[in-house]
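Okay, target-v4.csv now, which holds CSV, C-alpha atoms:
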```csv
chain,number,residue,atom,x,y,z
X,48,MET,CA,-69.5,-159.9,-83.5
X,49,THR,CA,-72.4,-158.1,-81.9
X,50,GLY,CA,-73.4,-161.3,-80.2
X,51,ILE,CA,-69.9,-161.8,-78.7
X,52,ALA,CA,-69.8,-158.2,-77.4
X,53,LEU,CA,-73.2,-158.6,-75.8
X,54,ARG,CA,-72.2,-161.8,-74.2
X,55,ALA,CA,-69.1,-160.3,-72.8
X,56,LEU,CA,-71.1,-157.4,-71.2
X,57,ARG,CA,-73.6,-159.9,-69.7
X,58,LEU,CA,-70.7,-161.9,-68.2
X,59,GLN,CA,-69.5,-158.7,-66.5
X,60,ASP,CA,-73.0,-157.6,-65.5
X,61,LEU,CA,-73.8,-160.9,-63.9
X,62,GLY,CA,-70.4,-161.5,-62.2
X,63,PRO,CA,-69.9,-161.4,-58.5
X,64,ARG,CA,-69.6,-157.8,-57.4
X,65,VAL,CA,-68.5,-156.1,-54.2
X,66,ARG,CA,-68.2,-152.5,-53.1
X,67,VAL,CA,-64.6,-151.5,-52.4
X,68,ARG,CA,-62.6,-148.4,-51.6
X,69,PHE,CA,-59.2,-147.7,-53.2
X,70,SER,CA,-57.0,-145.1,-51.5
X,71,ARG,CA,-53.5,-144.0,-51.1
X,72,HIS,CA,-51.1,-145.7,-48.8
X,73,PRO,CA,-51.6,-144.4,-45.2
X,74,GLU,CA,-48.1,-143.1,-45.1
X,75,GLN,CA,-48.5,-141.2,-48.3
X,76,GLY,CA,-49.0,-137.5,-47.9
X,77,TYR,CA,-50.3,-135.2,-50.6
X,78,PRO,CA,-48.2,-135.0,-53.7
X,79,GLY,CA,-47.8,-131.7,-55.5
X,80,LEU,CA,-51.2,-131.8,-56.9
X,81,SER,CA,-53.9,-129.2,-56.5
X,82,PRO,CA,-57.3,-130.3,-55.2
X,83,VAL,CA,-58.6,-129.9,-58.7
X,84,GLU,CA,-56.1,-132.3,-60.1
X,85,ALA,CA,-56.3,-135.0,-57.5
X,86,THR,CA,-59.1,-136.5,-55.5
X,87,THR,CA,-57.5,-136.9,-52.1
X,88,GLY,CA,-60.2,-139.1,-50.6
X,89,PRO,CA,-60.7,-142.7,-51.5
X,90,LEU,CA,-62.4,-143.9,-54.6
X,91,GLU,CA,-65.6,-145.8,-53.9
X,92,LEU,CA,-65.8,-148.5,-56.6
X,93,VAL,CA,-67.9,-151.4,-57.7
X,94,ALA,CA,-65.6,-154.3,-58.3
X,95,MET,CA,-66.1,-157.6,-59.9
X,96,VAL,CA,-64.3,-160.7,-58.7
X,97,ASP,CA,-62.6,-162.3,-61.6
X,98,THR,CA,-60.5,-165.4,-61.1
X,99,GLY,CA,-59.2,-165.0,-64.7
X,100,SER,CA,-57.2,-162.0,-63.5
X,101,SER,CA,-54.1,-162.4,-61.4
X,102,LEU,CA,-54.1,-158.8,-60.2
X,103,THR,CA,-56.4,-155.9,-59.5
X,104,VAL,CA,-57.5,-153.8,-62.4
X,105,LEU,CA,-58.9,-150.3,-62.3
X,106,GLN,CA,-60.4,-148.0,-65.0
X,107,PRO,CA,-57.8,-145.6,-66.6
X,108,GLY,CA,-57.5,-142.4,-64.8
X,109,SER,CA,-58.2,-143.8,-61.3
X,110,PHE,CA,-54.7,-143.4,-59.9
X,111,GLN,CA,-54.3,-139.9,-61.3
X,112,ARG,CA,-57.4,-138.9,-59.4
X,113,LEU,CA,-55.8,-140.3,-56.2
X,114,GLY,CA,-52.4,-138.7,-56.9
X,115,ILE,CA,-50.7,-142.0,-57.1
X,116,VAL,CA,-47.8,-142.4,-59.6
X,117,PRO,CA,-46.7,-145.7,-61.1
X,118,SER,CA,-44.5,-147.7,-58.8
X,119,GLU,CA,-43.0,-150.0,-61.4
X,120,GLU,CA,-43.6,-151.8,-64.6
X,121,THR,CA,-45.4,-155.1,-64.2
X,122,TRP,CA,-45.4,-157.7,-66.9
X,123,ILE,CA,-49.0,-158.6,-68.0
X,124,GLY,CA,-50.5,-160.7,-70.7
X,125,SER,CA,-53.8,-162.1,-71.8
X,126,PRO,CA,-55.1,-164.9,-74.0
X,127,ALA,CA,-55.5,-162.3,-76.7
X,128,ALA,CA,-52.3,-160.4,-76.3
X,129,GLN,CA,-48.6,-161.0,-75.9
X,130,ARG,CA,-47.0,-160.2,-72.6
X,131,GLN,CA,-45.9,-156.6,-72.2
X,132,PRO,CA,-44.7,-154.3,-69.5
X,133,HIS,CA,-47.4,-152.1,-68.1
X,134,PRO,CA,-47.3,-149.4,-65.4
X,135,SER,CA,-48.5,-150.7,-62.1
X,136,TYR,CA,-49.6,-148.7,-59.0
X,137,VAL,CA,-49.8,-149.5,-55.3
X,138,GLY,CA,-52.5,-148.3,-53.0
X,139,THR,CA,-54.7,-149.5,-50.2
X,140,LEU,CA,-57.8,-151.6,-51.0
X,141,THR,CA,-60.5,-151.7,-48.4
X,142,LEU,CA,-63.5,-153.9,-48.2
X,143,ALA,CA,-66.4,-153.6,-45.7
X,144,GLY,CA,-67.0,-156.9,-44.0
X,145,THR,CA,-69.8,-157.9,-41.7
X,146,THR,CA,-67.6,-157.6,-38.7
X,147,GLY,CA,-65.3,-154.8,-39.7
X,148,GLU,CA,-63.2,-153.4,-42.5
X,149,VAL,CA,-60.4,-155.3,-44.2
X,150,SER,CA,-57.6,-153.2,-45.7
X,151,MET,CA,-54.6,-154.5,-47.7
X,152,VAL,CA,-51.8,-153.2,-49.9
X,153,ALA,CA,-52.8,-153.9,-53.5
X,154,ARG,CA,-50.9,-153.6,-56.7
X,155,ALA,CA,-53.0,-152.7,-59.7
X,156,VAL,CA,-53.0,-151.7,-63.3
X,157,GLU,CA,-55.2,-149.5,-65.3
X,158,ILE,CA,-56.8,-151.2,-68.3
X,159,PRO,CA,-59.8,-149.9,-70.4
X,160,GLY,CA,-62.8,-152.1,-71.2
X,161,LEU,CA,-64.2,-153.0,-67.7
X,162,GLY,CA,-67.7,-152.3,-68.9
X,163,HIS,CA,-70.2,-151.7,-66.1
X,164,VAL,CA,-67.8,-152.2,-63.2
X,165,ASP,CA,-65.0,-149.9,-62.0
X,166,ALA,CA,-62.5,-152.5,-61.1
X,167,LEU,CA,-61.6,-156.2,-61.1
X,168,LEU,CA,-60.5,-158.0,-58.0
X,169,GLY,CA,-58.1,-160.7,-59.1
X,170,ARG,CA,-56.4,-163.7,-57.6
X,171,ASP,CA,-54.0,-161.4,-55.8
X,172,VAL,CA,-56.8,-160.4,-53.5
X,173,LEU,CA,-58.4,-163.9,-53.3
X,174,THR,CA,-55.1,-165.4,-52.1
X,175,ARG,CA,-55.7,-163.6,-48.9
X,176,GLY,CA,-58.9,-165.3,-48.1
X,177,ARG,CA,-61.6,-167.6,-49.4
X,178,PHE,CA,-63.9,-167.2,-52.3
X,179,LEU,CA,-66.7,-169.8,-52.8
X,180,TYR,CA,-68.9,-170.1,-55.9
X,181,ASP,CA,-72.1,-172.2,-55.5
X,182,GLY,CA,-73.1,-172.9,-59.1
X,183,ARG,CA,-76.4,-174.5,-58.2
X,184,GLU,CA,-77.5,-171.5,-56.2
X,185,GLY,CA,-75.8,-169.0,-58.4
X,186,ALA,CA,-74.3,-167.4,-55.3
X,187,CYS,CA,-70.9,-166.4,-54.2
X,188,ALA,CA,-69.3,-165.9,-50.8
X,189,MET,CA,-66.0,-164.2,-49.9
X,190,VAL,CA,-64.2,-164.2,-46.6
X,191,LEU,CA,-61.1,-161.9,-46.2
X,192,GLY,CA,-59.3,-161.2,-43.0
X,193,GLY,CA,-61.7,-163.4,-41.0
X,194,THR,CA,-64.7,-161.4,-42.0
X,195,GLU,CA,-67.4,-162.1,-44.6
X,196,ILE,CA,-67.5,-159.6,-47.4
X,197,PRO,CA,-71.1,-159.1,-48.5
X,198,MET,CA,-71.6,-159.5,-52.2
X,199,MET,CA,-73.8,-157.1,-54.1
X,200,ASP,CA,-77.2,-158.3,-55.1
X,201,PRO,CA,-76.9,-159.5,-58.7
X,202,LEU,CA,-79.9,-157.3,-59.6
X,203,GLU,CA,-78.6,-154.3,-57.7
X,204,ASP,CA,-77.7,-151.5,-60.1
X,205,ARG,CA,-74.7,-149.5,-59.5
X,206,THR,CA,-75.2,-146.0,-58.3
X,207,GLU,CA,-72.7,-143.2,-58.8
X,208,PRO,CA,-69.9,-145.7,-59.5
X,209,GLY,CA,-66.3,-144.6,-59.4
X,210,ARG,CA,-67.0,-141.5,-57.4
X,211,GLY,CA,-64.3,-140.1,-55.3
X,212,GLY,CA,-64.6,-139.2,-51.7
X,213,GLY,CA,-62.6,-136.0,-51.9
T,247,MET,CA,-42.2,-143.2,-73.4
T,248,GLY,CA,-39.4,-143.7,-70.9
T,249,ARG,CA,-39.3,-146.7,-68.7
T,250,ILE,CA,-40.6,-146.3,-65.2
T,251,HIS,CA,-37.8,-146.1,-62.6
T,252,GLU,CA,-35.1,-146.6,-65.1
T,253,ALA,CA,-32.4,-145.6,-62.7
T,254,GLU,CA,-33.9,-147.6,-59.8
T,255,MET,CA,-34.2,-150.7,-62.0
T,256,ALA,CA,-30.6,-150.4,-63.1
T,257,SER,CA,-29.6,-150.1,-59.4
T,258,TYR,CA,-31.8,-153.2,-58.6
T,259,GLU,CA,-30.1,-155.2,-61.3
T,260,LYS,CA,-26.7,-154.0,-60.1
T,261,HIS,CA,-27.4,-155.2,-56.5
T,262,ARG,CA,-29.7,-158.1,-57.3
T,263,ALA,CA,-27.1,-160.9,-56.6
T,264,ASP,CA,-26.3,-159.5,-53.2
T,265,LEU,CA,-29.9,-158.9,-52.4
T,266,LEU,CA,-30.9,-162.4,-53.4
T,267,ARG,CA,-28.2,-163.9,-51.3
T,268,GLU,CA,-29.2,-162.0,-48.2
T,269,SER,CA,-32.9,-161.2,-48.6
T,270,HIS,CA,-34.5,-163.4,-51.1
T,271,GLY,CA,-38.3,-162.9,-51.1
T,272,HIS,CA,-38.2,-159.7,-49.1
T,273,TRP,CA,-38.9,-156.2,-50.5
T,274,VAL,CA,-36.3,-153.6,-51.4
T,275,LEU,CA,-36.7,-149.8,-51.4
T,276,ILE,CA,-34.5,-148.0,-53.9
T,277,LYS,CA,-34.3,-144.3,-55.0
T,278,GLY,CA,-31.9,-143.5,-57.8
T,279,GLU,CA,-28.7,-145.5,-57.2
T,280,THR,CA,-29.3,-145.9,-53.4
T,281,VAL,CA,-30.7,-148.9,-51.8
T,282,HIS,CA,-32.5,-147.4,-48.8
T,283,GLY,CA,-33.5,-150.7,-47.1
T,284,VAL,CA,-34.9,-154.2,-47.2
T,285,PHE,CA,-38.2,-155.0,-45.6
T,286,GLU,CA,-40.2,-158.1,-44.9
T,287,THR,CA,-43.4,-156.9,-46.5
T,288,GLU,CA,-44.3,-154.6,-49.3
T,289,ASP,CA,-46.4,-152.5,-46.9
T,290,GLU,CA,-43.4,-151.9,-44.7
T,291,ALA,CA,-41.2,-150.9,-47.6
T,292,LEU,CA,-43.8,-148.5,-48.9
T,293,GLY,CA,-44.3,-146.9,-45.5
T,294,ALA,CA,-40.6,-146.4,-45.1
T,295,GLY,CA,-40.4,-144.9,-48.6
T,296,TYR,CA,-43.1,-142.4,-48.0
T,297,ARG,CA,-41.7,-141.5,-44.6
T,298,CYS,CA,-38.1,-141.2,-45.7
T,299,LEU,CA,-38.4,-139.9,-49.2
T,300,GLY,CA,-41.8,-138.3,-49.3
T,301,ASP,CA,-44.2,-138.7,-52.2
T,302,ARG,CA,-42.9,-136.0,-54.5
T,303,GLN,CA,-40.1,-138.2,-55.8
T,304,PRO,CA,-41.1,-141.7,-57.0
T,305,PHE,CA,-39.2,-144.6,-55.6
T,306,LEU,CA,-39.1,-148.2,-56.4
T,307,VAL,CA,-40.4,-150.9,-54.1
T,308,ARG,CA,-39.8,-154.4,-55.5
T,309,ARG,CA,-39.8,-157.9,-54.4
T,310,ILE,CA,-36.3,-159.5,-54.5
T,311,GLU,CA,-36.6,-162.4,-56.9
T,312,ARG,CA,-34.6,-164.4,-59.3
T,313,PRO,CA,-35.2,-163.4,-63.0
T,314,GLU,CA,-37.0,-166.7,-63.6
T,315,GLU,CA,-39.3,-166.0,-60.6
T,316,GLU,CA,-40.6,-162.7,-61.9
T,317,LYS,CA,-44.3,-163.1,-62.5
T,318,VAL,CA,-46.2,-162.4,-65.7
T,319,HIS,CA,-49.7,-161.4,-64.6
T,320,ASP,CA,-52.6,-162.7,-66.7
T,321,LEU,CA,-55.7,-160.7,-67.5
T,322,PRO,CA,-59.1,-161.8,-68.7
T,323,TRP,CA,-59.5,-162.2,-72.4
T,324,TYR,CA,-62.1,-159.3,-72.7
T,325,LEU,CA,-59.6,-156.7,-71.6
T,326,THR,CA,-57.7,-155.1,-74.5
T,327,LEU,CA,-54.0,-154.4,-73.9
T,328,ARG,CA,-52.4,-151.5,-75.8
T,329,PRO,CA,-50.8,-152.5,-79.1
```

What do you get writing this file as structure tokens?
Amino acid sequence: MTGIALRALRLQDLGPRVRVRFSRHPEQGYPGLSPVEATTGPLELVAMVDTGSSLTVLQPGSFQRLGIVPSEETWIGSPAAQRQPHPSYVGTLTLAGTTGEVSMVARAVEIPGLGHVDALLGRDVLTRGRFLYDGREGACAMVLGGTEIPMMDPLEDRTEPGRGGG
Amino acid sequence: MGRIHEAEMASYEKHRADLLRESHGHWVLIKGETVHGVFETEDEALGAGYRCLGDRQPFLVRRIERPEEEKVHDLPWYLTLRP
């Protein structure tokens, strides 16, 4: 069992990672939350691209920090669990590209167990662009909105992950 | 735990046939029993919701789909869903 757990952590550690921001919708004001209860600025996150996920996943508590309430129940399932309804949230996902920022509406769920990353970017994001994996070189490249999204160096350690900008 | 947007989902189901006929694939904005509008994109529907309804009262923005089209999202095996 220990071997399996360690292997899972390595998969996540070595996966393609990008730095992203998650924030409220531009039209959303400030819900009835005090500054202590809600981080009003965007969350700066380290996200791993995972083609095994069909939607974006964030660590539990992320949306409460942003003052975003669930928008609906989304059906989700995994190879290890039966399908079930799960609260989903909608916000704005922003990635910094080489020629500018790319922002998009993203629907996400909160699930524990992301290990050493704050979020997963799933196929919902990848459908908006191109993601290339070069197995020989062990390198990945992502293009969204016509701009290349720099991947984090595989050896780069995360610093102050999941911090809010409020 | 209560279902999210129970009233809005009931309203969506009530109006689903008409919505499908007129706006299949678009996005509907619903608060309570009231359908506030249909929009081409999720972003437009959300923006209209926040502008018209504010953000203190949750509203439903949902893609207009047939029941068999509703997607079940899949997650990686290493994530544990609640029991």

Residue neighbourhood Leu325 in chain T, 9 Å, only C-alpha atoms, exclusion window fewer than 3 positions, as a PDB file with C-alpha atoms, in the frame of the given file:
```pdb
ATOM      1  CA  SER X 125     -53.800-162.100 -71.800  1.00  0.00           C
ATOM      2  CA  ALA X 127     -55.500-162.300 -76.700  1.00  0.00           C
ATOM      3  CA  ILE X 158     -56.800-151.200 -68.300  1.00  0.00           C
ATOM      4  CA  PRO X 159     -59.800-149.900 -70.400  1.00  0.00           C
ATOM      5  CA  GLY X 160     -62.800-152.100 -71.200  1.00  0.00           C
ATOM      6  CA  LEU X 161     -64.200-153.000 -67.700  1.00  0.00           C
TER       7      LEU X 161
ATOM      8  CA  LEU T 321     -55.700-160.700 -67.500  1.00  0.00           C
ATOM      9  CA  PRO T 322     -59.100-161.800 -68.700  1.00  0.00           C
TER      10      PRO T 322
END
```

Residues of chain X within 10 Å of chain T, all atoms listed in the file counted, as a VMD selection string | chain X and resid 52 55 to 56 59 72 to 80 97 to 104 114 to 135 137 to 139 151 to 154 157 to 162 167 169 to 171

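Note that the spacing between CA of Glu259 in chain T and CA of Arg71 in chain X amounts to 27.9 Å.
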
Which residues, protein or nucleic acid, reach to within 7 Å of (-59.7, -161.6, -45.8) in the file's coordinates when using all atoms listed in the file, and can you give that as a VMD selection string?
-> chain X and resid 149 175 to 176 190 to 194

So what do you get for CA of Pro107 in chain X versus CA of Val164 in chain X, distance-wise?
-> 12.5 Å

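Distances here use only C-alpha atoms; by that measure, the residue among X:Asp165, X:Glu195, X:Glu184, X:Asp200 closest to Glu148 in chain X is X:Glu195.
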
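The smallest atom-to-atom distance between Phe178 in chain X and any of X:Pro197, X:Arg66, X:Leu113, X:His163, using all atoms listed in the file, is found for X:Pro197.
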
Grab the CA of Ala256 in chain T to CA of Ala291 in chain T distance for me, in Å with one decimal place.
-> 18.8 Å

Pick out the closest residue to Leu92 in chain X from this set: X:Ala186, X:Asp181, X:Val172, X:Thr141. Count all atoms listed in the file.
-> X:Thr141

Could you rebuild range 314-325 of chain T with all heavy atoms and give it back as a PDB file, in the frame of the given file?
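This went into out_16.pdb:
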```pdb
ATOM      1  N   GLU T 314     -36.058-165.675 -63.163  1.00  0.00           N
ATOM      2  CA  GLU T 314     -37.000-166.700 -63.600  1.00  0.00           C
ATOM      3  C   GLU T 314     -38.266-166.723 -62.696  1.00  0.00           C
ATOM      4  O   GLU T 314     -39.273-167.351 -63.029  1.00  0.00           O
ATOM      5  CB  GLU T 314     -36.388-168.058 -63.669  1.00  0.00           C
ATOM      6  CG  GLU T 314     -35.898-168.610 -62.338  1.00  0.00           C
ATOM      7  CD  GLU T 314     -34.458-168.219 -62.036  1.00  0.00           C
ATOM      8  OE1 GLU T 314     -33.985-167.217 -62.607  1.00  0.00           O
ATOM      9  OE2 GLU T 314     -33.817-168.918 -61.221  1.00  0.00           O
ATOM     10  N   GLU T 315     -38.180-166.068 -61.553  1.00  0.00           N
ATOM     11  CA  GLU T 315     -39.300-166.000 -60.600  1.00  0.00           C
ATOM     12  C   GLU T 315     -40.266-164.872 -60.929  1.00  0.00           C
ATOM     13  O   GLU T 315     -41.373-164.818 -60.387  1.00  0.00           O
ATOM     14  CB  GLU T 315     -38.851-165.921 -59.189  1.00  0.00           C
ATOM     15  CG  GLU T 315     -38.106-167.135 -58.681  1.00  0.00           C
ATOM     16  CD  GLU T 315     -37.558-166.908 -57.289  1.00  0.00           C
ATOM     17  OE1 GLU T 315     -36.966-165.824 -57.042  1.00  0.00           O
ATOM     18  OE2 GLU T 315     -37.715-167.811 -56.460  1.00  0.00           O
ATOM     19  N   GLU T 316     -39.815-163.908 -61.722  1.00  0.00           N
ATOM     20  CA  GLU T 316     -40.600-162.700 -61.900  1.00  0.00           C
ATOM     21  C   GLU T 316     -41.904-163.083 -62.663  1.00  0.00           C
ATOM     22  O   GLU T 316     -41.890-163.721 -63.703  1.00  0.00           O
ATOM     23  CB  GLU T 316     -39.816-161.666 -62.701  1.00  0.00           C
ATOM     24  CG  GLU T 316     -38.707-161.094 -61.834  1.00  0.00           C
ATOM     25  CD  GLU T 316     -37.882-160.050 -62.558  1.00  0.00           C
ATOM     26  OE1 GLU T 316     -38.137-159.813 -63.753  1.00  0.00           O
ATOM     27  OE2 GLU T 316     -36.975-159.498 -61.929  1.00  0.00           O
ATOM     28  N   LYS T 317     -42.980-162.662 -62.089  1.00  0.00           N
ATOM     29  CA  LYS T 317     -44.300-163.100 -62.500  1.00  0.00           C
ATOM     30  C   LYS T 317     -44.792-162.319 -63.734  1.00  0.00           C
ATOM     31  O   LYS T 317     -44.588-161.119 -63.822  1.00  0.00           O
ATOM     32  CB  LYS T 317     -45.273-162.931 -61.368  1.00  0.00           C
ATOM     33  CG  LYS T 317     -46.660-163.483 -61.594  1.00  0.00           C
ATOM     34  CD  LYS T 317     -47.455-163.371 -60.310  1.00  0.00           C
ATOM     35  CE  LYS T 317     -48.891-163.791 -60.511  1.00  0.00           C
ATOM     36  NZ  LYS T 317     -49.044-165.153 -61.016  1.00  0.00           N
ATOM     37  N   VAL T 318     -45.425-163.024 -64.650  1.00  0.00           N
ATOM     38  CA  VAL T 318     -46.200-162.400 -65.700  1.00  0.00           C
ATOM     39  C   VAL T 318     -47.653-162.497 -65.325  1.00  0.00           C
ATOM     40  O   VAL T 318     -48.180-163.606 -65.231  1.00  0.00           O
ATOM     41  CB  VAL T 318     -45.947-163.006 -67.084  1.00  0.00           C
ATOM     42  CG1 VAL T 318     -46.822-162.330 -68.142  1.00  0.00           C
ATOM     43  CG2 VAL T 318     -44.481-162.899 -67.461  1.00  0.00           C
ATOM     44  N   HIS T 319     -48.287-161.383 -65.053  1.00  0.00           N
ATOM     45  CA  HIS T 319     -49.700-161.400 -64.600  1.00  0.00           C
ATOM     46  C   HIS T 319     -50.581-161.664 -65.843  1.00  0.00           C
ATOM     47  O   HIS T 319     -50.318-161.160 -66.939  1.00  0.00           O
ATOM     48  CB  HIS T 319     -50.075-160.105 -63.962  1.00  0.00           C
ATOM     49  CG  HIS T 319     -49.459-159.938 -62.607  1.00  0.00           C
ATOM     50  ND1 HIS T 319     -50.002-160.492 -61.472  1.00  0.00           N
ATOM     51  CD2 HIS T 319     -48.334-159.312 -62.216  1.00  0.00           C
ATOM     52  CE1 HIS T 319     -49.252-160.210 -60.432  1.00  0.00           C
ATOM     53  NE2 HIS T 319     -48.223-159.486 -60.853  1.00  0.00           N
ATOM     54  N   ASP T 320     -51.634-162.403 -65.620  1.00  0.00           N
ATOM     55  CA  ASP T 320     -52.600-162.700 -66.700  1.00  0.00           C
ATOM     56  C   ASP T 320     -53.890-161.955 -66.451  1.00  0.00           C
ATOM     57  O   ASP T 320     -54.355-161.857 -65.312  1.00  0.00           O
ATOM     58  CB  ASP T 320     -52.787-164.164 -66.902  1.00  0.00           C
ATOM     59  CG  ASP T 320     -53.114-164.869 -65.605  1.00  0.00           C
ATOM     60  OD1 ASP T 320     -52.239-164.923 -64.738  1.00  0.00           O
ATOM     61  OD2 ASP T 320     -54.254-165.337 -65.453  1.00  0.00           O
ATOM     62  N   LEU T 321     -54.434-161.437 -67.526  1.00  0.00           N
ATOM     63  CA  LEU T 321     -55.700-160.700 -67.500  1.00  0.00           C
ATOM     64  C   LEU T 321     -56.761-161.441 -68.247  1.00  0.00           C
ATOM     65  O   LEU T 321     -56.454-162.246 -69.127  1.00  0.00           O
ATOM     66  CB  LEU T 321     -55.515-159.292 -68.034  1.00  0.00           C
ATOM     67  CG  LEU T 321     -54.535-158.378 -67.306  1.00  0.00           C
ATOM     68  CD1 LEU T 321     -54.445-157.044 -68.017  1.00  0.00           C
ATOM     69  CD2 LEU T 321     -54.973-158.171 -65.858  1.00  0.00           C
ATOM     70  N   PRO T 322     -58.029-161.172 -67.978  1.00  0.00           N
ATOM     71  CA  PRO T 322     -59.100-161.800 -68.700  1.00  0.00           C
ATOM     72  C   PRO T 322     -59.058-161.459 -70.202  1.00  0.00           C
ATOM     73  O   PRO T 322     -58.567-160.395 -70.574  1.00  0.00           O
ATOM     74  CB  PRO T 322     -60.377-161.252 -68.077  1.00  0.00           C
ATOM     75  CG  PRO T 322     -59.948-160.688 -66.777  1.00  0.00           C
ATOM     76  CD  PRO T 322     -58.532-160.277 -66.927  1.00  0.00           C
ATOM     77  N   TRP T 323     -59.607-162.322 -70.994  1.00  0.00           N
ATOM     78  CA  TRP T 323     -59.500-162.200 -72.400  1.00  0.00           C
ATOM     79  C   TRP T 323     -60.265-160.906 -72.932  1.00  0.00           C
ATOM     80  O   TRP T 323     -59.942-160.353 -73.975  1.00  0.00           O
ATOM     81  CB  TRP T 323     -60.137-163.381 -73.143  1.00  0.00           C
ATOM     82  CG  TRP T 323     -61.574-163.594 -72.821  1.00  0.00           C
ATOM     83  CD1 TRP T 323     -62.083-164.336 -71.808  1.00  0.00           C
ATOM     84  CD2 TRP T 323     -62.713-163.036 -73.499  1.00  0.00           C
ATOM     85  NE1 TRP T 323     -63.447-164.285 -71.797  1.00  0.00           N
ATOM     86  CE2 TRP T 323     -63.856-163.498 -72.817  1.00  0.00           C
ATOM     87  CE3 TRP T 323     -62.872-162.188 -74.597  1.00  0.00           C
ATOM     88  CZ2 TRP T 323     -65.140-163.131 -73.222  1.00  0.00           C
ATOM     89  CZ3 TRP T 323     -64.157-161.837 -74.997  1.00  0.00           C
ATOM     90  CH2 TRP T 323     -65.269-162.301 -74.308  1.00  0.00           C
ATOM     91  N   TYR T 324     -61.266-160.453 -72.188  1.00  0.00           N
ATOM     92  CA  TYR T 324     -62.100-159.300 -72.700  1.00  0.00           C
ATOM     93  C   TYR T 324     -61.425-157.975 -72.479  1.00  0.00           C
ATOM     94  O   TYR T 324     -61.938-156.959 -72.935  1.00  0.00           O
ATOM     95  CB  TYR T 324     -63.493-159.354 -72.075  1.00  0.00           C
ATOM     96  CG  TYR T 324     -63.519-159.360 -70.572  1.00  0.00           C
ATOM     97  CD1 TYR T 324     -63.351-158.203 -69.844  1.00  0.00           C
ATOM     98  CD2 TYR T 324     -63.733-160.542 -69.863  1.00  0.00           C
ATOM     99  CE1 TYR T 324     -63.400-158.206 -68.462  1.00  0.00           C
ATOM    100  CE2 TYR T 324     -63.775-160.572 -68.490  1.00  0.00           C
ATOM    101  CZ  TYR T 324     -63.606-159.398 -67.792  1.00  0.00           C
ATOM    102  OH  TYR T 324     -63.625-159.409 -66.426  1.00  0.00           O
ATOM    103  N   LEU T 325     -60.299-157.945 -71.782  1.00  0.00           N
ATOM    104  CA  LEU T 325     -59.600-156.700 -71.600  1.00  0.00           C
ATOM    105  C   LEU T 325     -58.564-156.521 -72.736  1.00  0.00           C
ATOM    106  O   LEU T 325     -57.806-157.436 -73.021  1.00  0.00           O
ATOM    107  CB  LEU T 325     -58.906-156.612 -70.268  1.00  0.00           C
ATOM    108  CG  LEU T 325     -59.839-156.580 -69.056  1.00  0.00           C
ATOM    109  CD1 LEU T 325     -59.030-156.438 -67.774  1.00  0.00           C
ATOM    110  CD2 LEU T 325     -60.834-155.428 -69.158  1.00  0.00           C
TER     111      LEU T 325
END
```
